[in-house]
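Structure data follow from upload30.txt (compact mmCIF, C-alpha atoms):
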# COMPACT_ATOMS: atom_id res chain seq x y z
CA GLY Z 12 105.93 3.22 -60.03
CA ASN Z 13 102.16 2.79 -59.82
CA ASP Z 14 99.98 3.09 -62.91
CA SER Z 15 96.26 3.88 -63.16
CA ALA Z 16 93.45 4.13 -65.65
CA THR Z 17 89.99 5.68 -65.48
CA VAL Z 18 86.72 4.17 -66.68
CA THR Z 19 83.85 6.58 -67.19
CA ILE Z 20 80.40 4.99 -67.05
CA SER Z 21 77.45 6.87 -68.52
CA LEU Z 22 74.13 5.74 -67.09
CA VAL Z 23 71.06 6.31 -69.25
CA SER Z 24 67.43 5.80 -68.31
CA ALA Z 25 65.60 2.85 -69.81
CA PRO Z 26 62.89 3.81 -72.30
CA ASN Z 27 59.25 3.69 -71.15
CA ALA Z 28 56.48 3.19 -73.70
CA GLY Z 29 53.81 2.79 -71.00
CA SER Z 30 51.51 -0.21 -70.82
CA ASP Z 31 49.00 -1.66 -73.28
CA GLY Z 32 45.65 0.13 -73.47
CA ALA Z 33 42.42 0.47 -75.42
CA LEU Z 34 40.23 3.14 -77.01
CA SER Z 35 36.79 3.15 -78.62
CA ALA Z 36 35.79 5.37 -81.51
CA CYS Z 37 32.86 6.05 -83.80
CA ILE Z 38 33.18 5.24 -87.47
CA SER Z 39 32.30 8.89 -88.12
CA GLU Z 40 35.27 10.31 -86.18
CA ASN Z 41 38.15 11.58 -88.26
CA SER Z 42 40.72 12.11 -85.50
CA VAL Z 43 41.62 9.86 -82.54
CA THR Z 44 44.76 10.56 -80.50
CA LEU Z 45 46.32 7.15 -79.89
CA PHE Z 46 48.59 8.39 -77.09
CA ASP Z 47 45.46 8.84 -74.92
CA GLY Z 48 45.01 5.07 -74.88
CA ILE Z 49 48.40 4.16 -73.38
CA GLY Z 50 48.47 3.15 -69.73
CA GLY Z 51 51.14 3.99 -67.20
CA SER Z 52 53.54 6.91 -67.69
CA PRO Z 53 54.84 6.68 -71.25
CA GLN Z 54 57.58 8.93 -72.54
CA PRO Z 55 56.52 11.28 -75.36
CA ASN Z 56 58.11 11.57 -78.79
CA GLY Z 57 57.96 7.85 -79.59
CA THR Z 58 56.90 6.49 -82.97
CA TRP Z 59 53.63 4.83 -84.02
CA THR Z 60 53.07 2.00 -86.43
CA GLY Z 61 49.70 0.88 -87.73
CA ALA Z 62 47.34 1.50 -90.62
CA ASN Z 63 45.42 4.72 -91.23
CA GLN Z 64 47.30 6.78 -88.66
CA VAL Z 65 49.73 9.64 -89.08
CA ASN Z 66 52.04 10.53 -86.19
CA GLY Z 67 49.70 8.85 -83.72
CA ILE Z 68 46.46 10.34 -85.07
CA PHE Z 69 44.06 7.63 -86.28
CA ASN Z 70 41.25 8.28 -88.76
CA PRO Z 71 38.38 5.82 -88.22
CA THR Z 72 36.45 7.14 -91.24
CA GLN Z 73 38.91 5.27 -93.43
CA VAL Z 74 38.18 1.81 -91.95
CA ALA Z 75 35.28 -0.55 -91.39
CA PRO Z 76 33.96 -1.30 -87.88
CA GLY Z 77 36.36 -3.61 -86.07
CA THR Z 78 39.44 -3.63 -83.83
CA TYR Z 79 42.74 -2.11 -84.88
CA PRO Z 80 46.10 -2.43 -83.02
CA PHE Z 81 48.73 0.29 -83.01
CA ILE Z 82 52.25 -0.09 -81.62
CA TYR Z 83 54.03 2.72 -79.80
CA THR Z 84 57.84 2.47 -79.68
CA VAL Z 85 60.30 4.45 -77.58
CA ASN Z 86 63.92 3.86 -78.58
CA GLY Z 87 66.53 3.22 -75.92
CA GLY Z 88 69.81 5.03 -75.47
CA GLY Z 89 73.18 3.33 -75.10
CA THR Z 90 72.72 -0.41 -74.71
CA CYS Z 91 69.06 -0.12 -73.65
CA ALA Z 92 66.61 -1.95 -75.90
CA ALA Z 93 63.56 -0.15 -77.25
CA ASP Z 94 60.28 -0.40 -75.32
CA GLN Z 95 56.86 -0.92 -76.88
CA SER Z 96 53.18 -0.84 -75.95
CA THR Z 97 50.04 -1.54 -77.94
CA VAL Z 98 46.83 0.48 -78.14
CA THR Z 99 43.83 -1.40 -79.52
CA VAL Z 100 41.09 0.80 -80.98
CA THR Z 101 37.55 -0.57 -81.34
CA VAL Z 102 35.70 1.21 -84.15
CA THR Z 103 31.90 0.99 -83.99
CA ASN Z 104 28.87 2.77 -85.40
CA ALA Z 105 28.25 4.42 -82.00
CA LEU Z 106 29.90 4.64 -78.60
CA ASP Z 107 28.47 2.34 -75.92
CA ALA Z 108 29.29 2.70 -72.23
CA GLY Z 109 27.00 -0.19 -71.33
CA THR Z 110 24.09 0.14 -68.92
CA ALA Z 111 23.96 0.87 -65.21
CA GLY Z 112 25.12 -1.78 -62.78
CA THR Z 113 25.36 -2.41 -59.05
CA GLY Z 114 27.54 -4.60 -56.88
CA GLU Z 115 28.99 -5.28 -53.46
CA VAL Z 116 32.67 -4.98 -52.56
CA CYS Z 117 34.21 -6.18 -49.33
CA SER Z 118 35.84 -3.55 -47.17
CA GLY Z 119 39.61 -3.62 -47.58
CA THR Z 120 39.62 -5.25 -51.02
CA GLU Z 121 39.90 -4.01 -54.62
CA ALA Z 122 37.54 -4.49 -57.57
CA ASP Z 123 37.51 -3.68 -61.30
CA LEU Z 124 34.51 -1.38 -61.79
CA PHE Z 125 34.20 -2.38 -65.46
CA THR Z 126 33.01 -5.84 -64.39
CA PHE Z 127 29.90 -4.31 -62.77
CA LEU Z 128 28.67 -2.70 -66.00
CA THR Z 129 25.91 -4.54 -67.84
CA GLY Z 130 25.07 -4.57 -71.53
CA ALA Z 131 27.96 -4.41 -73.99
CA PRO Z 132 30.30 -1.66 -72.76
CA GLN Z 133 33.23 -0.75 -74.95
CA LEU Z 134 36.75 -0.39 -73.62
CA GLY Z 135 38.62 2.88 -73.53
CA GLY Z 136 36.26 5.04 -71.47
CA ILE Z 137 37.13 7.02 -68.35
CA TRP Z 138 35.75 6.77 -64.80
CA ARG Z 139 34.30 9.71 -62.92
CA ASP Z 140 34.25 9.56 -59.13
CA MET Z 141 30.77 10.89 -58.36
CA ASP Z 142 31.31 11.00 -54.58
CA ASN Z 143 34.93 12.26 -54.67
CA THR Z 144 36.21 9.19 -52.84
CA ASN Z 145 39.64 9.27 -54.50
CA ALA Z 146 39.37 5.49 -54.38
CA VAL Z 147 39.37 4.70 -58.11
CA ASP Z 148 42.47 4.84 -60.33
CA ASP Z 149 42.82 5.61 -64.03
CA GLU Z 150 42.33 1.93 -64.86
CA GLY Z 151 38.94 1.81 -63.11
CA VAL Z 152 40.16 -0.22 -60.11
CA PHE Z 153 38.25 0.67 -56.93
CA ASP Z 154 40.11 0.41 -53.60
CA ALA Z 155 37.54 -0.13 -50.86
CA SER Z 156 40.17 0.24 -48.15
CA ILE Z 157 40.17 4.01 -48.75
CA VAL Z 158 36.47 4.45 -47.93
CA GLY Z 159 34.18 3.29 -45.16
CA VAL Z 160 31.20 1.00 -45.33
CA GLY Z 161 28.50 2.63 -47.48
CA GLN Z 162 27.30 3.26 -51.04
CA TYR Z 163 29.30 5.05 -53.74
CA GLY Z 164 28.67 6.03 -57.36
CA PHE Z 165 31.08 5.87 -60.31
CA ARG Z 166 30.18 6.91 -63.86
CA TYR Z 167 31.82 5.27 -66.87
CA VAL Z 168 32.08 7.78 -69.72
CA HIS Z 169 32.87 7.65 -73.41
CA GLU Z 170 33.35 11.30 -74.24
CA GLY Z 171 31.78 12.40 -77.48
CA THR Z 172 32.99 14.64 -80.29
CA ASP Z 173 31.25 16.78 -82.89
CA ASN Z 174 30.93 13.70 -85.11
CA CYS Z 175 30.21 11.13 -82.41
CA PRO Z 176 27.78 11.46 -79.47
CA GLY Z 177 29.16 10.33 -76.12
CA ASP Z 178 27.64 7.77 -73.75
CA SER Z 179 27.84 7.00 -70.03
CA ALA Z 180 26.61 4.49 -67.44
CA LEU Z 181 26.51 4.61 -63.65
CA VAL Z 182 27.92 1.88 -61.40
CA THR Z 183 26.72 1.91 -57.79
CA ILE Z 184 28.97 0.08 -55.35
CA THR Z 185 28.03 -0.89 -51.82
CA VAL Z 186 31.02 -1.46 -49.56
CA ILE Z 187 30.15 -4.09 -46.96
CA PRO Z 188 32.04 -5.14 -43.84
CA GLY Z 189 33.87 -8.44 -43.87
CA PRO Z 190 32.65 -11.37 -41.75
CA ASP Z 191 33.66 -11.59 -38.08
CA ALA Z 192 34.17 -15.02 -36.52
CA GLY Z 193 35.31 -13.55 -33.22
CA SER Z 194 38.67 -14.34 -31.62
CA ASN Z 195 40.36 -17.54 -30.44
CA SER Z 196 40.04 -18.88 -26.93
CA THR Z 197 41.14 -21.80 -24.78
CA VAL Z 198 38.54 -23.11 -22.35
CA PRO Z 199 38.95 -25.79 -19.65
CA LEU Z 200 35.71 -27.68 -18.98
CA CYS Z 201 34.73 -30.35 -16.51
CA SER Z 202 32.99 -33.37 -18.02
CA SER Z 203 30.16 -32.88 -15.53
CA ALA Z 204 29.41 -29.34 -16.70
CA ASN Z 205 26.11 -28.48 -18.40
CA GLN Z 206 25.66 -28.26 -22.16
CA LEU Z 207 26.67 -24.92 -23.64
CA GLN Z 208 26.78 -23.01 -26.94
CA LEU Z 209 30.27 -22.95 -28.46
CA ILE Z 210 29.78 -19.43 -29.82
CA THR Z 211 29.65 -18.10 -26.24
CA LEU Z 212 33.24 -19.29 -25.77
CA LEU Z 213 34.61 -17.08 -28.58
CA GLY Z 214 36.06 -13.66 -27.89
CA GLY Z 215 34.79 -10.48 -29.50
CA PHE Z 216 31.45 -10.20 -31.29
CA PRO Z 217 31.20 -13.11 -33.74
CA ASP Z 218 28.56 -13.27 -36.47
CA THR Z 219 25.82 -15.77 -35.76
CA ASP Z 220 25.42 -17.31 -39.23
CA GLY Z 221 28.60 -19.39 -39.27
CA GLN Z 222 29.31 -23.13 -39.15
CA TRP Z 223 31.18 -25.12 -36.50
CA TYR Z 224 33.69 -27.86 -37.30
CA GLY Z 225 35.03 -30.43 -34.84
CA PRO Z 226 38.60 -31.54 -34.10
CA THR Z 227 38.66 -33.63 -37.29
CA PHE Z 228 37.08 -30.70 -39.19
CA ASN Z 229 33.75 -32.45 -39.58
CA ALA Z 230 30.67 -30.22 -39.41
CA VAL Z 231 29.18 -30.25 -35.91
CA SER Z 232 26.37 -28.59 -34.01
CA GLY Z 233 27.07 -25.40 -32.12
CA THR Z 234 25.95 -27.12 -28.92
CA PHE Z 235 28.66 -28.86 -26.88
CA ASP Z 236 27.94 -31.48 -24.21
CA PRO Z 237 30.98 -32.02 -21.96
CA ALA Z 238 29.65 -35.42 -20.89
CA THR Z 239 29.81 -36.85 -24.42
CA GLY Z 240 31.91 -34.38 -26.45
CA SER Z 241 35.58 -34.68 -27.32
CA ALA Z 242 38.38 -32.38 -26.28
CA GLY Z 243 40.25 -30.54 -29.02
CA ILE Z 244 40.04 -27.56 -31.33
CA TYR Z 245 36.61 -26.49 -32.60
CA THR Z 246 36.68 -24.08 -35.57
CA TYR Z 247 33.98 -21.52 -36.31
CA VAL Z 248 33.74 -20.26 -39.92
CA ALA Z 249 31.79 -17.09 -40.70
CA PRO Z 250 30.96 -16.86 -44.45
CA GLY Z 251 32.00 -13.87 -46.53
CA GLU Z 252 29.91 -12.15 -49.21
CA GLY Z 253 30.55 -9.49 -51.85
CA GLY Z 254 34.11 -10.65 -52.46
CA CYS Z 255 34.86 -11.02 -48.75
CA ALA Z 256 36.86 -14.08 -47.73
CA ASN Z 257 35.54 -16.30 -44.96
CA ASP Z 258 36.71 -15.56 -41.44
CA SER Z 259 37.44 -18.20 -38.79
CA ALA Z 260 38.23 -18.53 -35.10
CA GLU Z 261 39.07 -21.46 -32.86
CA VAL Z 262 38.01 -22.69 -29.44
CA ASN Z 263 40.44 -25.11 -27.83
CA ILE Z 264 38.48 -27.20 -25.32
CA LEU Z 265 40.50 -28.79 -22.53
CA LEU Z 266 38.22 -31.45 -21.11
CA ASN Z 267 38.83 -32.59 -17.53
CA ILE Z 268 37.14 -35.79 -16.31
CA ALA Z 269 35.03 -35.15 -13.24
CA PRO Z 270 36.24 -36.95 -10.12
CA ASN Z 271 34.23 -40.03 -9.07
CA ALA Z 272 34.21 -40.99 -5.36
CA GLY Z 273 31.74 -43.79 -5.95
CA GLY Z 274 28.38 -44.20 -4.20
CA ASN Z 275 27.52 -44.12 -0.52
CA GLY Z 276 28.03 -47.35 1.41
CA SER Z 277 28.01 -48.84 4.93
CA LEU Z 278 30.19 -51.24 6.83
CA THR Z 279 29.28 -53.21 10.02
CA ILE Z 280 32.23 -54.09 12.27
CA CYS Z 281 32.10 -56.18 15.45
CA ALA Z 282 33.21 -54.20 18.50
CA ASP Z 283 35.63 -56.89 19.67
CA GLY Z 284 36.63 -58.09 16.27
CA ASP Z 285 40.24 -58.16 15.17
Turn this file's structure into structure tokens for me.
Amino acid sequence: GNDSATVTISLVSAPNAGSDGALSACISENSVTLFDGIGGSPQPNGTWTGANQVNGIFNPTQVAPGTYPFIYTVNGGGTCAADQSTVTVTVTNALDAGTAGTGEVCSGTEADLFTFLTGAPQLGGIWRDMDNTNAVDDEGVFDASIVGVGQYGFRYVHEGTDNCPGDSALVTITVIPGPDAGSNSTVPLCSSANQLQLITLLGGFPDTDGQWYGPTFNAVSGTFDPATGSAGIYTYVAPGEGGCANDSAEVNILLNIAPNAGGNGSLTICADGD
């Protein structure tokens, strides 16, 4: 007769120790919670290794100013390997959020707000969304696609404690529209036609500060003379600023040679001639 056997598979979740992060602390602080510096969504109840910490509580008063790494480990169940992340704590005499900064970000792109701070900002602060845009994440990455063109404020904050005054700095971001080179077109022209401006052959509403390139992608004037110009694809490139990429559009010129019937003439023929 038939025989059978059963295999029972137990599926366990892989451990998650989060992602590497950073904190800053004053030398006068006696208690820093290392778990606050982990990125991502770490599981609790892991173990910490590193000097001058007990169960994930670091005491900066016991060290000199400098940087100190701490490793967080979450053990895996079954055959899953353990997962680890590292929190690096910078210990200084005082917290420094840097000084105010400004910058431009292209609409539809992302930018790290920390790069707009000036001075010597320390890692490990938090970002406050002053205009409630909901466009900045916990890592300080600003998503300009969530907001419209305009100006927005974000404050970088190192929160203080009883033993360590806090500090903050404001970053003002202007979201600018990307360049517009218009849209592609195909245009038949007669070689006897008048000179014209290539930009008038583009669709849409192209910016006027771009550069034209000819069929061999050599820079050319924006004026086209059908009598002497070459047929082919002419590319218009509108430059981007504030992190915006350039935009381009093409005009495909189909050049038709004007007919030539020659000049006027006369012919004398004898009435009785053969």
Can you pull out every residue within 7 Å of Val98 (chain Z), counting only C-alpha atoms, but drop anything in the same chain fewer than 3 positions away, and send it as an mmCIF file with C-alpha atoms, in the frame of the given file?
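Saved file out30.cif follows:
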data_model
loop_
_atom_site.group_PDB
_atom_site.id
_atom_site.type_symbol
_atom_site.label_atom_id
_atom_site.label_comp_id
_atom_site.auth_asym_id
_atom_site.auth_seq_id
_atom_site.Cartn_x
_atom_site.Cartn_y
_atom_site.Cartn_z
ATOM 1 C CA ASP Z 31 49.000 -1.660 -73.280
ATOM 2 C CA GLY Z 32 45.650 0.130 -73.470
ATOM 3 C CA ALA Z 33 42.420 0.470 -75.420
ATOM 4 C CA LEU Z 45 46.320 7.150 -79.890
ATOM 5 C CA GLY Z 48 45.010 5.070 -74.880
ATOM 6 C CA ILE Z 49 48.400 4.160 -73.380
ATOM 7 C CA PRO Z 80 46.100 -2.430 -83.020
ATOM 8 C CA PHE Z 81 48.730 0.290 -83.010
ATOM 9 C CA ILE Z 82 52.250 -0.090 -81.620
#
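Atom pair CA of Asp142 (chain Z) / CA of Phe165 (chain Z): separated by 7.7 Å.
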* **Polymer residues at most 8 Å from region 101-115 of chain Z, all atoms listed in the file, same-chain spacing of 4 or more positions, as a PyMOL selection string** => chain Z and resi 33-39+71+75-79+127-134+136+167-169+175-187+253-254
Grab the residues selected above and save them as a PDB file, in the coordinates of the input with C-alpha atoms.
ATOM      1  CA  ALA Z  33      42.420   0.470 -75.420  1.00  0.00           C
ATOM      2  CA  LEU Z  34      40.230   3.140 -77.010  1.00  0.00           C
ATOM      3  CA  SER Z  35      36.790   3.150 -78.620  1.00  0.00           C
ATOM      4  CA  ALA Z  36      35.790   5.370 -81.510  1.00  0.00           C
ATOM      5  CA  CYS Z  37      32.860   6.050 -83.800  1.00  0.00           C
ATOM      6  CA  ILE Z  38      33.180   5.240 -87.470  1.00  0.00           C
ATOM      7  CA  SER Z  39      32.300   8.890 -88.120  1.00  0.00           C
ATOM      8  CA  PRO Z  71      38.380   5.820 -88.220  1.00  0.00           C
ATOM      9  CA  ALA Z  75      35.280  -0.550 -91.390  1.00  0.00           C
ATOM     10  CA  PRO Z  76      33.960  -1.300 -87.880  1.00  0.00           C
ATOM     11  CA  GLY Z  77      36.360  -3.610 -86.070  1.00  0.00           C
ATOM     12  CA  THR Z  78      39.440  -3.630 -83.830  1.00  0.00           C
ATOM     13  CA  TYR Z  79      42.740  -2.110 -84.880  1.00  0.00           C
ATOM     14  CA  PHE Z 127      29.900  -4.310 -62.770  1.00  0.00           C
ATOM     15  CA  LEU Z 128      28.670  -2.700 -66.000  1.00  0.00           C
ATOM     16  CA  THR Z 129      25.910  -4.540 -67.840  1.00  0.00           C
ATOM     17  CA  GLY Z 130      25.070  -4.570 -71.530  1.00  0.00           C
ATOM     18  CA  ALA Z 131      27.960  -4.410 -73.990  1.00  0.00           C
ATOM     19  CA  PRO Z 132      30.300  -1.660 -72.760  1.00  0.00           C
ATOM     20  CA  GLN Z 133      33.230  -0.750 -74.950  1.00  0.00           C
ATOM     21  CA  LEU Z 134      36.750  -0.390 -73.620  1.00  0.00           C
ATOM     22  CA  GLY Z 136      36.260   5.040 -71.470  1.00  0.00           C
ATOM     23  CA  TYR Z 167      31.820   5.270 -66.870  1.00  0.00           C
ATOM     24  CA  VAL Z 168      32.080   7.780 -69.720  1.00  0.00           C
ATOM     25  CA  HIS Z 169      32.870   7.650 -73.410  1.00  0.00           C
ATOM     26  CA  CYS Z 175      30.210  11.130 -82.410  1.00  0.00           C
ATOM     27  CA  PRO Z 176      27.780  11.460 -79.470  1.00  0.00           C
ATOM     28  CA  GLY Z 177      29.160  10.330 -76.120  1.00  0.00           C
ATOM     29  CA  ASP Z 178      27.640   7.770 -73.750  1.00  0.00           C
ATOM     30  CA  SER Z 179      27.840   7.000 -70.030  1.00  0.00           C
ATOM     31  CA  ALA Z 180      26.610   4.490 -67.440  1.00  0.00           C
ATOM     32  CA  LEU Z 181      26.510   4.610 -63.650  1.00  0.00           C
ATOM     33  CA  VAL Z 182      27.920   1.880 -61.400  1.00  0.00           C
ATOM     34  CA  THR Z 183      26.720   1.910 -57.790  1.00  0.00           C
ATOM     35  CA  ILE Z 184      28.970   0.080 -55.350  1.00  0.00           C
ATOM     36  CA  THR Z 185      28.030  -0.890 -51.820  1.00  0.00           C
ATOM     37  CA  VAL Z 186      31.020  -1.460 -49.560  1.00  0.00           C
ATOM     38  CA  ILE Z 187      30.150  -4.090 -46.960  1.00  0.00           C
ATOM     39  CA  GLY Z 253      30.550  -9.490 -51.850  1.00  0.00           C
ATOM     40  CA  GLY Z 254      34.110 -10.650 -52.460  1.00  0.00           C
TER      41      GLY Z 254
END
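Atom pair CA of Thr197 (chain Z) / CA of Thr227 (chain Z): separated by 17.4 Å.
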* Asked: Could you name the residues that touch Phe216 (chain Z) at 8 Å or less, counting all atoms listed in the file, but leaving out those on the same chain fewer than 5 positions away, as an NGL selection string?
  -> :Z and (191-193)
